[in-house]
file coords.txt (compact mmCIF, C-alpha atoms)
# COMPACT_ATOMS: atom_id res chain seq x y z
CA MET A 1 -5.88 -12.99 -17.01
CA ASN A 2 -8.41 -15.46 -15.63
CA LEU A 3 -9.41 -14.82 -12.03
CA PRO A 4 -12.29 -16.56 -10.27
CA VAL A 5 -14.66 -13.83 -9.15
CA GLN A 6 -17.73 -13.91 -6.98
CA GLY A 7 -20.56 -11.93 -8.47
CA VAL A 8 -21.94 -9.23 -6.21
CA SER A 9 -24.85 -7.03 -7.15
CA ASN A 10 -24.24 -3.31 -7.40
CA LEU A 11 -26.20 -2.37 -4.29
CA LYS A 12 -26.91 1.17 -3.19
CA GLU A 13 -25.50 2.28 0.15
CA ILE A 14 -28.10 1.28 2.74
CA ASP A 15 -26.08 2.16 5.83
CA PRO A 16 -22.55 3.42 6.55
CA LEU A 17 -21.20 -0.12 6.97
CA SER A 18 -22.91 -1.71 3.99
CA HIS A 19 -19.50 -2.46 2.43
CA MET A 20 -18.45 -4.60 5.39
CA THR A 21 -21.90 -6.16 5.73
CA ARG A 22 -21.84 -7.15 2.06
CA PHE A 23 -18.56 -9.03 2.53
CA MET A 24 -18.88 -10.18 6.13
CA GLU A 25 -18.00 -13.76 5.18
CA ILE A 26 -14.35 -12.85 4.52
CA PHE A 27 -13.81 -11.06 7.86
CA ASN A 28 -12.64 -12.71 11.06
CA CYS A 29 -11.51 -11.62 14.49
CA PRO A 30 -7.88 -10.45 14.35
CA ARG A 31 -7.36 -11.81 17.86
CA CYS A 32 -8.80 -15.33 17.74
CA LYS A 33 -9.91 -15.73 14.06
CA GLY A 34 -13.52 -16.24 15.12
CA SER A 35 -16.47 -15.00 13.07
CA LEU A 36 -17.60 -11.39 13.44
CA ASN A 37 -21.13 -10.13 13.90
CA ARG A 38 -22.26 -6.66 12.92
CA GLN A 39 -24.21 -4.70 15.51
CA SER A 40 -25.52 -1.15 15.32
CA SER A 41 -22.67 0.60 17.14
CA LYS A 42 -19.92 -2.01 17.17
CA ILE A 43 -18.67 -5.32 15.81
CA ILE A 44 -18.49 -8.37 18.06
CA CYS A 45 -16.45 -11.56 17.78
CA LEU A 46 -18.80 -14.53 18.19
CA GLN A 47 -15.98 -16.66 19.61
CA CYS A 48 -14.06 -14.47 22.09
CA SER A 49 -16.74 -11.75 22.47
CA HIS A 50 -14.20 -8.99 21.91
CA PRO A 51 -15.90 -5.75 20.77
CA TYR A 52 -14.55 -3.60 17.95
CA PRO A 53 -15.85 -0.02 17.87
CA ILE A 54 -16.87 2.04 14.86
CA GLU A 55 -15.68 5.63 14.53
CA GLY A 56 -16.51 7.99 11.73
CA GLU A 57 -18.15 5.08 9.87
CA ILE A 58 -14.82 3.19 9.97
CA PRO A 59 -14.59 -0.22 11.69
CA LEU A 60 -11.66 -0.17 14.12
CA LEU A 61 -10.40 -3.73 13.68
CA TYR A 62 -6.90 -2.98 14.95
CA THR A 63 -5.35 -5.23 17.57
CA PRO A 64 -1.80 -4.73 18.90
CA ASN A 65 1.11 -7.08 18.36
CA GLU A 66 1.61 -9.57 21.18
CA TRP A 67 5.35 -9.80 20.77
CA ASN A 68 8.02 -10.43 23.35
CA PRO A 69 8.64 -7.11 25.19
CA SER A 70 12.32 -7.32 24.29
CA ARG A 71 11.45 -7.19 20.60
CA ASN A 72 11.49 -3.79 18.93
CA ASP A 73 8.01 -2.74 17.83
CA VAL A 74 7.72 0.61 16.01
CA THR A 75 3.98 0.34 15.35
CA ASP A 76 2.91 3.02 17.82
CA THR A 77 5.71 5.35 16.73
CA ILE A 78 4.76 5.08 13.06
CA ARG A 79 1.06 5.43 13.82
CA ALA A 80 1.67 8.64 15.80
CA PHE A 81 3.77 10.07 12.94
CA TYR A 82 1.17 9.46 10.24
CA GLU A 83 -1.74 10.52 12.45
CA GLU A 84 -0.07 13.93 12.54
CA THR A 85 1.04 13.89 8.88
CA PRO A 86 -1.45 11.95 6.70
CA PHE A 87 0.11 10.90 3.38
CA PRO A 88 -0.78 11.64 0.65
CA ASN A 89 -3.26 14.50 1.04
CA TYR A 90 -6.19 15.49 -1.19
CA ASP A 91 -4.81 18.94 -2.00
CA GLY A 92 -6.04 19.83 -5.50
CA ILE A 93 -8.49 16.89 -5.69
CA GLU A 94 -12.05 18.15 -5.41
CA ASP A 95 -14.05 15.39 -7.12
CA VAL A 96 -13.82 12.01 -8.83
CA GLY A 97 -12.78 13.63 -12.10
CA ASP A 98 -9.80 15.25 -10.39
CA LEU A 99 -8.92 11.95 -8.72
CA ILE A 100 -8.98 10.11 -12.04
CA GLU A 101 -6.90 12.80 -13.75
CA VAL A 102 -4.27 12.87 -11.00
CA SER A 103 -4.11 9.08 -10.73
CA ARG A 104 -3.74 8.55 -14.48
CA LYS A 105 -0.71 10.85 -14.54
CA GLY A 106 1.13 8.06 -12.76
CA ILE A 107 1.87 5.20 -15.18
CA PHE A 108 1.55 2.56 -12.47
CA ALA A 109 -1.93 3.62 -11.28
CA ARG A 110 -3.15 3.90 -14.87
CA LEU A 111 -1.88 0.43 -15.78
CA LEU A 112 -3.46 -1.04 -12.64
CA ASN A 113 -6.81 0.45 -13.56
CA GLU A 114 -6.57 -0.77 -17.14
CA GLN A 115 -5.42 -4.31 -16.31
CA MET A 116 -7.22 -5.28 -13.09
CA PRO A 117 -10.44 -7.09 -14.08
CA TYR A 118 -13.82 -5.70 -13.14
CA ASN A 119 -15.48 -7.40 -10.13
CA SER A 120 -12.10 -8.37 -8.70
CA ARG A 121 -11.61 -8.05 -4.96
CA VAL A 122 -8.69 -5.77 -4.07
CA LEU A 123 -7.04 -5.14 -0.70
CA GLU A 124 -4.73 -2.15 -0.28
CA ILE A 125 -2.64 -2.59 2.86
CA GLY A 126 -1.43 0.78 4.10
CA CYS A 127 -3.84 2.77 1.94
CA GLY A 128 -3.10 6.03 3.75
CA THR A 129 -5.67 8.60 2.69
CA GLY A 130 -7.14 6.13 0.21
CA GLN A 131 -6.53 7.85 -3.12
CA LEU A 132 -5.58 4.63 -4.93
CA SER A 133 -8.35 2.61 -3.26
CA ASN A 134 -10.99 5.19 -4.18
CA TYR A 135 -9.62 5.40 -7.73
CA LEU A 136 -9.61 1.64 -8.33
CA SER A 137 -13.18 1.32 -7.02
CA VAL A 138 -14.57 3.66 -9.67
CA ALA A 139 -14.26 0.94 -12.35
CA HIS A 140 -16.51 -1.64 -10.65
CA ARG A 141 -14.00 -3.39 -8.41
CA PHE A 142 -14.61 -4.18 -4.77
CA VAL A 143 -11.83 -2.47 -2.87
CA PHE A 144 -10.79 -2.69 0.78
CA GLY A 145 -8.57 0.14 1.99
CA ALA A 146 -6.78 -0.78 5.23
CA ASP A 147 -4.46 1.34 7.30
CA LEU A 148 -3.09 1.81 10.80
CA CYS A 149 -3.86 5.54 11.03
CA LEU A 150 -7.39 6.69 11.71
CA ASN A 151 -6.85 10.31 10.61
CA SER A 152 -5.75 9.12 7.17
CA LEU A 153 -8.71 6.76 6.92
CA LYS A 154 -11.12 9.56 7.82
CA LEU A 155 -9.86 11.58 4.86
CA ALA A 156 -10.35 8.53 2.63
CA GLN A 157 -13.84 7.91 4.03
CA ARG A 158 -14.84 11.55 3.61
CA PHE A 159 -13.96 11.46 -0.10
CA LYS A 160 -15.74 8.12 -0.54
CA LYS A 161 -18.89 9.42 1.15
CA GLN A 162 -18.94 12.78 -0.62
CA HIS A 163 -18.78 11.08 -4.01
CA GLN A 164 -20.84 7.96 -3.21
CA LEU A 165 -18.13 5.42 -4.01
CA ASP A 166 -20.02 2.47 -2.57
CA ARG A 167 -17.65 -0.26 -3.82
CA VAL A 168 -14.80 0.78 -1.49
CA GLY A 169 -14.63 0.43 2.29
CA PHE A 170 -12.02 1.62 4.77
CA TYR A 171 -10.81 -0.28 7.84
CA GLN A 172 -8.30 0.35 10.62
CA ILE A 173 -6.13 -2.74 10.98
CA ASN A 174 -2.73 -4.05 12.01
CA LEU A 175 -1.16 -5.83 9.02
CA PHE A 176 0.49 -8.34 11.37
CA ASN A 177 -3.00 -9.32 12.61
CA PRO A 178 -5.28 -8.75 9.61
CA PRO A 179 -9.06 -9.17 10.15
CA PHE A 180 -9.51 -11.13 6.91
CA LYS A 181 -9.65 -14.82 6.15
CA GLU A 182 -6.84 -16.35 4.14
CA GLU A 183 -7.16 -16.39 0.33
CA SER A 184 -9.87 -13.71 0.26
CA PHE A 185 -8.46 -11.33 -2.38
CA HIS A 186 -7.55 -11.43 -6.05
CA PHE A 187 -5.08 -8.59 -5.51
CA VAL A 188 -3.19 -7.42 -2.43
CA ILE A 189 -1.28 -4.14 -2.74
CA SER A 190 1.27 -2.95 -0.19
CA ASN A 191 3.01 0.09 -1.61
CA GLY A 192 5.50 1.90 0.61
CA VAL A 193 4.37 0.24 3.84
CA LEU A 194 6.44 -2.75 4.90
CA HIS A 195 9.65 -0.73 5.18
CA HIS A 196 8.00 1.27 7.98
CA THR A 197 7.41 -1.86 10.10
CA SER A 198 9.62 -3.65 12.60
CA ASP A 199 9.72 -6.86 10.55
CA PRO A 200 9.03 -6.41 6.81
CA TYR A 201 9.37 -10.11 5.96
CA LEU A 202 6.97 -11.14 8.72
CA GLY A 203 4.58 -8.48 7.47
CA PHE A 204 4.91 -9.80 3.92
CA LYS A 205 4.14 -13.35 5.03
CA SER A 206 1.10 -12.12 6.94
CA ILE A 207 -0.47 -10.27 4.01
CA SER A 208 0.62 -12.83 1.38
CA ARG A 209 -1.70 -15.39 2.98
CA LEU A 210 -4.65 -13.18 2.06
CA VAL A 211 -4.06 -13.67 -1.70
CA LYS A 212 -6.15 -16.25 -3.52
CA LYS A 213 -4.35 -18.95 -5.47
CA GLY A 214 -3.92 -17.47 -8.93
CA GLY A 215 -4.11 -13.97 -7.46
CA TYR A 216 -1.40 -11.31 -7.26
CA ILE A 217 0.60 -9.43 -4.66
CA LEU A 218 2.21 -6.05 -5.36
CA ILE A 219 5.00 -4.94 -3.03
CA GLY A 220 6.67 -1.52 -3.10
CA LEU A 221 9.75 -0.83 -0.96
CA TYR A 222 12.67 1.54 -0.57
CA ASN A 223 15.70 0.20 -2.40
CA ARG A 224 19.06 -0.15 -0.69
CA TYR A 225 20.87 1.51 -3.60
CA GLY A 226 18.18 3.82 -4.93
CA ARG A 227 17.73 5.33 -1.49
CA ILE A 228 21.33 6.59 -1.30
CA PRO A 229 20.60 10.12 -2.69
CA THR A 230 17.75 10.56 -0.19
CA ASP A 231 19.99 9.40 2.66
CA VAL A 232 22.65 11.92 1.64
CA ARG A 233 20.13 14.73 1.45
CA ARG A 234 18.71 13.73 4.84
CA VAL A 235 22.14 14.11 6.43
CA LEU A 236 22.61 17.52 4.79
CA PHE A 237 19.16 18.74 5.81
CA ARG A 238 19.78 17.78 9.41
CA ALA A 239 23.25 19.30 9.44
CA PHE A 240 21.98 22.61 8.02
CA HIS A 241 18.63 22.73 9.88
CA ASN A 242 16.46 21.78 6.86
CA ARG A 243 17.93 24.37 4.52
CA PHE A 244 18.77 23.60 0.87
CA LYS A 245 15.51 21.71 0.36
CA ARG A 246 15.78 22.38 -3.36
CA LEU A 247 18.31 19.56 -3.48
CA ASP A 248 15.26 17.30 -3.59
CA PRO A 249 13.87 17.46 -7.17
CA ARG A 250 10.25 17.29 -6.01
CA LEU A 251 10.69 20.12 -3.52
CA SER A 252 12.03 22.41 -6.25
CA ARG A 253 9.09 21.90 -8.63
CA LYS A 254 6.77 24.87 -9.22
CA ASP A 255 3.76 22.74 -10.16
CA ILE A 256 3.45 21.20 -6.66
CA SER A 257 1.71 23.06 -3.83
CA ASP A 258 3.45 23.94 -0.58
CA LEU A 259 1.17 21.52 1.29
CA LYS A 260 2.17 18.62 -0.94
CA LYS A 261 5.83 19.59 -0.67
CA ASN A 262 5.65 19.64 3.12
CA THR A 263 3.88 16.27 3.20
CA TRP A 264 6.58 14.81 0.94
CA PHE A 265 9.36 16.32 3.03
CA MET A 266 7.95 14.91 6.25
CA ASP A 267 7.44 11.43 4.78
CA GLN A 268 10.87 11.26 3.15
CA TYR A 269 13.11 13.04 5.63
CA GLN A 270 11.41 13.09 9.04
CA ASN A 271 9.99 9.57 9.17
CA PRO A 272 10.94 7.89 12.48
CA HIS A 273 11.61 4.45 10.99
CA GLU A 274 12.43 2.93 7.62
CA SER A 275 14.31 -0.06 6.26
CA LYS A 276 15.84 -0.63 2.84
CA HIS A 277 15.63 -3.73 0.64
CA THR A 278 16.87 -5.29 -2.58
CA MET A 279 15.08 -6.88 -5.49
CA GLU A 280 16.91 -10.16 -4.84
CA GLU A 281 15.52 -10.13 -1.31
CA VAL A 282 11.92 -9.79 -2.50
CA LEU A 283 12.46 -12.54 -5.07
CA ARG A 284 13.44 -14.81 -2.17
CA TRP A 285 10.27 -13.76 -0.35
CA PHE A 286 8.25 -14.80 -3.40
CA ASP A 287 10.04 -18.14 -3.68
CA ASP A 288 9.62 -18.92 0.03
CA THR A 289 5.88 -18.19 0.10
CA GLY A 290 4.71 -19.75 -3.17
CA PHE A 291 4.67 -16.75 -5.52
CA GLU A 292 5.94 -16.64 -9.09
CA PHE A 293 7.64 -13.41 -10.13
CA MET A 294 5.64 -11.52 -12.76
CA SER A 295 7.10 -8.05 -13.27
CA SER A 296 8.82 -5.16 -11.58
CA ILE A 297 9.60 -1.47 -11.68
CA PRO A 298 12.38 -1.13 -12.72
CA LYS A 299 12.57 -4.10 -15.08
CA LEU A 300 15.09 -6.84 -14.39
CA GLY A 301 16.10 -7.61 -17.97
CA PHE A 302 19.41 -6.34 -19.35
CA PHE A 303 18.83 -2.63 -20.13
CA GLU A 304 15.08 -3.36 -20.42
CA ASP A 305 12.93 -0.26 -19.97
CA PHE A 306 9.53 -0.14 -18.30
CA SER A 307 7.07 0.93 -21.01
CA GLU A 308 3.81 2.84 -20.82
CA ASN A 309 2.04 -0.27 -22.16
CA GLU A 310 3.66 -2.73 -19.76
CA GLN A 311 1.72 -5.91 -18.94
CA LEU A 312 1.96 -5.93 -15.16
CA PHE A 313 0.50 -9.38 -14.61
CA GLU A 314 2.28 -11.31 -17.35
CA PRO A 315 5.56 -13.20 -16.66
CA SER A 316 8.79 -11.37 -17.44
CA THR A 317 12.41 -12.24 -16.86
CA ARG A 318 13.76 -12.12 -13.33
CA GLY A 319 17.24 -11.67 -14.77
CA ASN A 320 20.33 -12.72 -12.84
CA TRP A 321 22.45 -11.21 -10.10
CA PHE A 322 24.15 -8.86 -12.54
CA THR A 323 21.02 -7.46 -14.23
CA GLN A 324 19.32 -7.19 -10.82
CA LEU A 325 22.24 -5.20 -9.46
CA LEU A 326 22.38 -3.03 -12.59
CA ALA A 327 18.66 -2.20 -12.37
CA GLN A 328 19.08 -1.11 -8.77
CA LEU A 329 22.19 0.95 -9.40
CA PHE A 330 20.28 2.86 -12.09
CA LEU A 331 17.71 3.73 -9.41
CA ILE A 332 20.33 6.03 -7.89
CA ILE A 333 19.77 8.23 -10.95
CA THR A 334 16.30 7.40 -12.27
CA GLY A 335 14.62 6.94 -8.89
CA ASN A 336 15.59 10.33 -7.55
CA GLU A 337 12.08 11.81 -7.61
CA SER A 338 10.43 8.65 -6.27
CA GLY A 339 12.72 8.38 -3.27
CA GLY A 340 14.56 5.32 -4.58
CA PHE A 341 11.42 3.22 -4.68
CA PHE A 342 10.95 -0.13 -6.44
CA LEU A 343 7.93 -2.37 -6.95
CA MET A 344 7.58 -6.12 -7.56
CA ILE A 345 4.56 -8.21 -8.55
CA GLY A 346 4.11 -11.91 -7.84
CA LYS A 347 1.41 -14.46 -8.67
CA ARG A 348 0.40 -17.03 -6.08
CA ILE A 349 0.94 -20.51 -7.49
CA ARG A 350 0.63 -22.60 -4.34
call {"tool": "encode", "arguments": {"input": "coords.txt", "output": "structure tokens"}}
result
Amino acid sequence: MNLPVQGVSNLKEIDPLSHMTRFMEIFNCPRCKGSLNRQSSKIICLQCSHPYPIEGEIPLLYTPNEWNPSRNDVTDTIRAFYEETPFPNYDGIEDVGDLIEVSRKGIFARLLNEQMPYNSRVLEIGCGTGQLSNYLSVAHRFVFGADLCLNSLKLAQRFKKQHQLDRVGFYQINLFNPPFKEESFHFVISNGVLHHTSDPYLGFKSISRLVKKGGYILIGLYNRYGRIPTDVRRVLFRAFHNRFKRLDPRLSRKDISDLKKNTWFMDQYQNPHESKHTMEEVLRWFDDTGFEFMSSIPKLGFFEDFSENEQLFEPSTRGNWFTQLLAQLFLIITGNESGGFFLMIGKRIR
């Protein structure tokens, strides 16, 4: 995989915002798109003079949506939910070794780490507590973890600072008004985020513009079919006042702590807003915005399994309506422990 990369020296942390300072040329004002200037206690837009504060060493580059008041906007509702219940948590992860071990247990995270080139610039939209962003930065990539929720970002920043992971930075943003210039990243990851927004397709278009030509976007969403078992359990839990939690496979496992189980339960069954999507829908998103389909989980070929040595960034078949439907119907069974989740990868070709 050939990606144009800009060489950046491996500098030591000079100040808490050295990550942003190092890459200031790719930032812009999320309100007016003007250039930003770093000051000691805040960040200022040189065009509209709007100040952006810094809290806990995290630049607060969030700006609200300026939508018609009649339009439903769940941003504040979702932010309040995740401020109270950061997801995922660092329970059982004490150091970088633990983070690597936990991350490599998931095939997807391991393959990302093995196949993303060194020195590539990676943006994780909706990074939550930053476990993936911190993990990917260990292998000499320059990672930007962005999220709506400050409490989650503080957990990510605390781990980064404790273990001196100077190639990752964390930023509070609104994905509908990102503080980055277009075509700034070799990889943009949005895993489990867009389905918690008011307009997933608008959100996709917003973040897709941040991908360099020849770069990749990775989108993870709840599937319309694969989510059926979770929806059924949600109805039962509500009807019986959250009893029978063992109906969820993850909540019945003995190797998961009570804290992790509670975090999972809240995210899956108490979330105030979610939407569900199909693989055909995301393929249309790719086609409409200039992305070529590369690969997916699950695979779209006829009875084609996702292997532990899968090449995530190499072209694979997008199948047809029948194989696409079949792959999603199998999620009802195979996606039970992942909440009926699917992931698709596209390469920007125009």
call {"tool": "atom_distance", "arguments": {"input": "coords.txt", "atom1": "atom CA of Val282 of chain A", "atom2": "atom CA of Asn336 of chain A"}}
result
21.1 Å
call {"tool": "residues_near_point", "arguments": {"input": "coords.txt", "point": "(3.1, -6.0, 8.2)", "cutoff": "10 Å", "atoms": "all atoms listed in the file", "output": "PDB file with C-alpha atoms, in the coordinates of the input"}}
result
ATOM      1  CA  THR A  75       3.980   0.340  15.350  1.00  0.00           C
ATOM      2  CA  ILE A 125      -2.640  -2.590   2.860  1.00  0.00           C
ATOM      3  CA  GLY A 126      -1.430   0.780   4.100  1.00  0.00           C
ATOM      4  CA  ASN A 174      -2.730  -4.050  12.010  1.00  0.00           C
ATOM      5  CA  LEU A 175      -1.160  -5.830   9.020  1.00  0.00           C
ATOM      6  CA  PHE A 176       0.490  -8.340  11.370  1.00  0.00           C
ATOM      7  CA  ASN A 177      -3.000  -9.320  12.610  1.00  0.00           C
ATOM      8  CA  PRO A 178      -5.280  -8.750   9.610  1.00  0.00           C
ATOM      9  CA  SER A 190       1.270  -2.950  -0.190  1.00  0.00           C
ATOM     10  CA  VAL A 193       4.370   0.240   3.840  1.00  0.00           C
ATOM     11  CA  LEU A 194       6.440  -2.750   4.900  1.00  0.00           C
ATOM     12  CA  HIS A 195       9.650  -0.730   5.180  1.00  0.00           C
ATOM     13  CA  HIS A 196       8.000   1.270   7.980  1.00  0.00           C
ATOM     14  CA  THR A 197       7.410  -1.860  10.100  1.00  0.00           C
ATOM     15  CA  SER A 198       9.620  -3.650  12.600  1.00  0.00           C
ATOM     16  CA  ASP A 199       9.720  -6.860  10.550  1.00  0.00           C
ATOM     17  CA  PRO A 200       9.030  -6.410   6.810  1.00  0.00           C
ATOM     18  CA  TYR A 201       9.370 -10.110   5.960  1.00  0.00           C
ATOM     19  CA  LEU A 202       6.970 -11.140   8.720  1.00  0.00           C
ATOM     20  CA  GLY A 203       4.580  -8.480   7.470  1.00  0.00           C
ATOM     21  CA  PHE A 204       4.910  -9.800   3.920  1.00  0.00           C
ATOM     22  CA  LYS A 205       4.140 -13.350   5.030  1.00  0.00           C
ATOM     23  CA  SER A 206       1.100 -12.120   6.940  1.00  0.00           C
ATOM     24  CA  ILE A 207      -0.470 -10.270   4.010  1.00  0.00           C
ATOM     25  CA  SER A 208       0.620 -12.830   1.380  1.00  0.00           C
TER      26      SER A 208
END
call {"tool": "residues_around", "arguments": {"input": "coords.txt", "residues": "Met279 of chain A", "least_positions_apart": "4", "cutoff": "12 Å", "atoms": "only C-alpha atoms", "output": "MDAnalysis selection string"}}
result
chainID A and resid 219:226 283:286 293 295:300 318:329 331 341:345
call {"tool": "closest_residue", "arguments": {"input": "coords.txt", "among": "A:Glu310, A:Ser152, A:Thr230, A:Leu165", "to": "Glu84 of chain A", "atoms": "all atoms listed in the file"}}
result
A:Ser152
call {"tool": "closest_residue", "arguments": {"input": "coords.txt", "among": "A:Thr63, A:Ser18, A:Gln311, A:Asn28", "to": "Leu46 of chain A", "atoms": "all atoms listed in the file"}}
result
A:Asn28
call {"tool": "atom_distance", "arguments": {"input": "coords.txt", "atom1": "atom CA of His277 of chain A", "atom2": "atom CA of Phe313 of chain A"}}
result
22.2 Å
call {"tool": "residues_near_point", "arguments": {"input": "coords.txt", "point": "(-18.5, -1.6, 0.8)", "cutoff": "9 Å", "atoms": "only C-alpha atoms", "output": "PyMOL selection string"}}
result
chain A and resi 13+16-23+142-144+165-170
